[in-house]
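Notes to accompany the following structure.
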Amino acid sequence: MSQGLQGPGPLERPHPSGRRTAEGQRIDPQEEAEPARRRTILSALVKHEPGVLAKVAGLFSRRQFNIESLSVGPTAYKRHARITLVIEETEPGIEQARKQLTKLIPVISVTELDSDAVDRELALIKVDGEHPDAIAAVAEMYDGQAVDVSETTVTVEITGPEDRIDAAVKTFERFGIREVVRTGTAALAAGPSETAPGHSASIETTTPPSVTGDD
């Protein structure tokens with residue numbers, strides 16, 4: 001009687017991990033791992049007109065980009081505003097976010113800022129006011145100041161990079177935090193580099209010529 005081929009039984013054979021494609025090809029688990037994400041700041045120079053922020057927010061909502069913060073404000077040139085977005089995405093996601101922003105009609109230019117960019121955030125932290133002297137000392141440690149004092153609370157203003165704000169909030173927890181509000185990051189390129197290439201500071205700071213009815 002034939003003994004058949006010698007070898008391990010079905011349960012003893014190695015079973016590589018991973019999935020297979022529709023064609024039966026095995027997928028390497030390492031290659032299937034989610035791409036690394038990184039945090040970056042996008043600065044968009046936009047026309048200062050109604051609805052711009054809604055369009056930008058709508059774009060990011062539809063595309064499901066991971067936004068950490070979004071802030072907007074006027075520039076020195078009253079017809080322009082600057083939107084600063086802090087996002088955490090994969091490299092393709094960051095590039096897609098930049099390209100999609102550029103396509104919006106009110107957007108003039110979009111720049112991904114370098115890691116040495118000057119970025120600041122403002123926070124108002126309201127705490128229990130039982131120890132005003134200690135609160136003032138902590139505020140001074142973070143280059144902040146008390147901006148409102150009542151019989152029961154003290155509100156402190158802190159300005160700085162995001163990590164400084166995080167540390168300040170953590171420190172003020174010892175006094176009992178009542179409320180915190182943060183503006184989100186505002187940022188400009190470091191040194192003489194233009195935050196919005198092609199739109200120099202002289203353009204932004206020049207007062208537009210007056211328009212009269214005499215042509």
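The way I read the labels, and the way they are meant: chains A, B, ... in the order of the structure tokens, residue 1 as the first residue of every chain, and ligand 1 as the first ligand shown, with later ones counted on from there.
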Spatial neighbours of A:Val180, 12 Å, only C-alpha atoms, chain gap at least 3 places, as a PyMOL selection string: chain A and resi 122-127+154-158+165-166+168-170+172-173+176-177+183
Residues flagged strand (DSSP E) by DSSP in stretch 28-151 of chain A, as an NGL selection string: :A and (38-47 or 67-74 or 80-89 or 107-112 or 118-128 or 145-149)
Considering only C-alpha atoms, tabulate each residue of stretch 95-156 of chain A that lies at most 9 Å from stretch 50-64 of chain A along with its nearest interatomic pair and the corresponding distance in Å to one decimal; arrange the rows by chain and ascending residue number and present them as JSON lines.
{"residue": "A:Ala97", "atom": "CA", "partner": "A:Phe60", "partner_atom": "CA", "distance": 7.8}
{"residue": "A:Gln100", "atom": "CA", "partner": "A:Leu59", "partner_atom": "CA", "distance": 7.8}
{"residue": "A:Leu101", "atom": "CA", "partner": "A:Val56", "partner_atom": "CA", "distance": 7.2}
{"residue": "A:Leu104", "atom": "CA", "partner": "A:Lys55", "partner_atom": "CA", "distance": 7.9}
{"residue": "A:Pro106", "atom": "CA", "partner": "A:Val52", "partner_atom": "CA", "distance": 6.4}
{"residue": "A:Val107", "atom": "CA", "partner": "A:Val52", "partner_atom": "CA", "distance": 8.3}
In stretch 16-151 of chain A, DSSP helix (DSSP H, G or I) residues written as a PyMOL selection string: chain A and resi 29-32+52-63+91-103+132-141
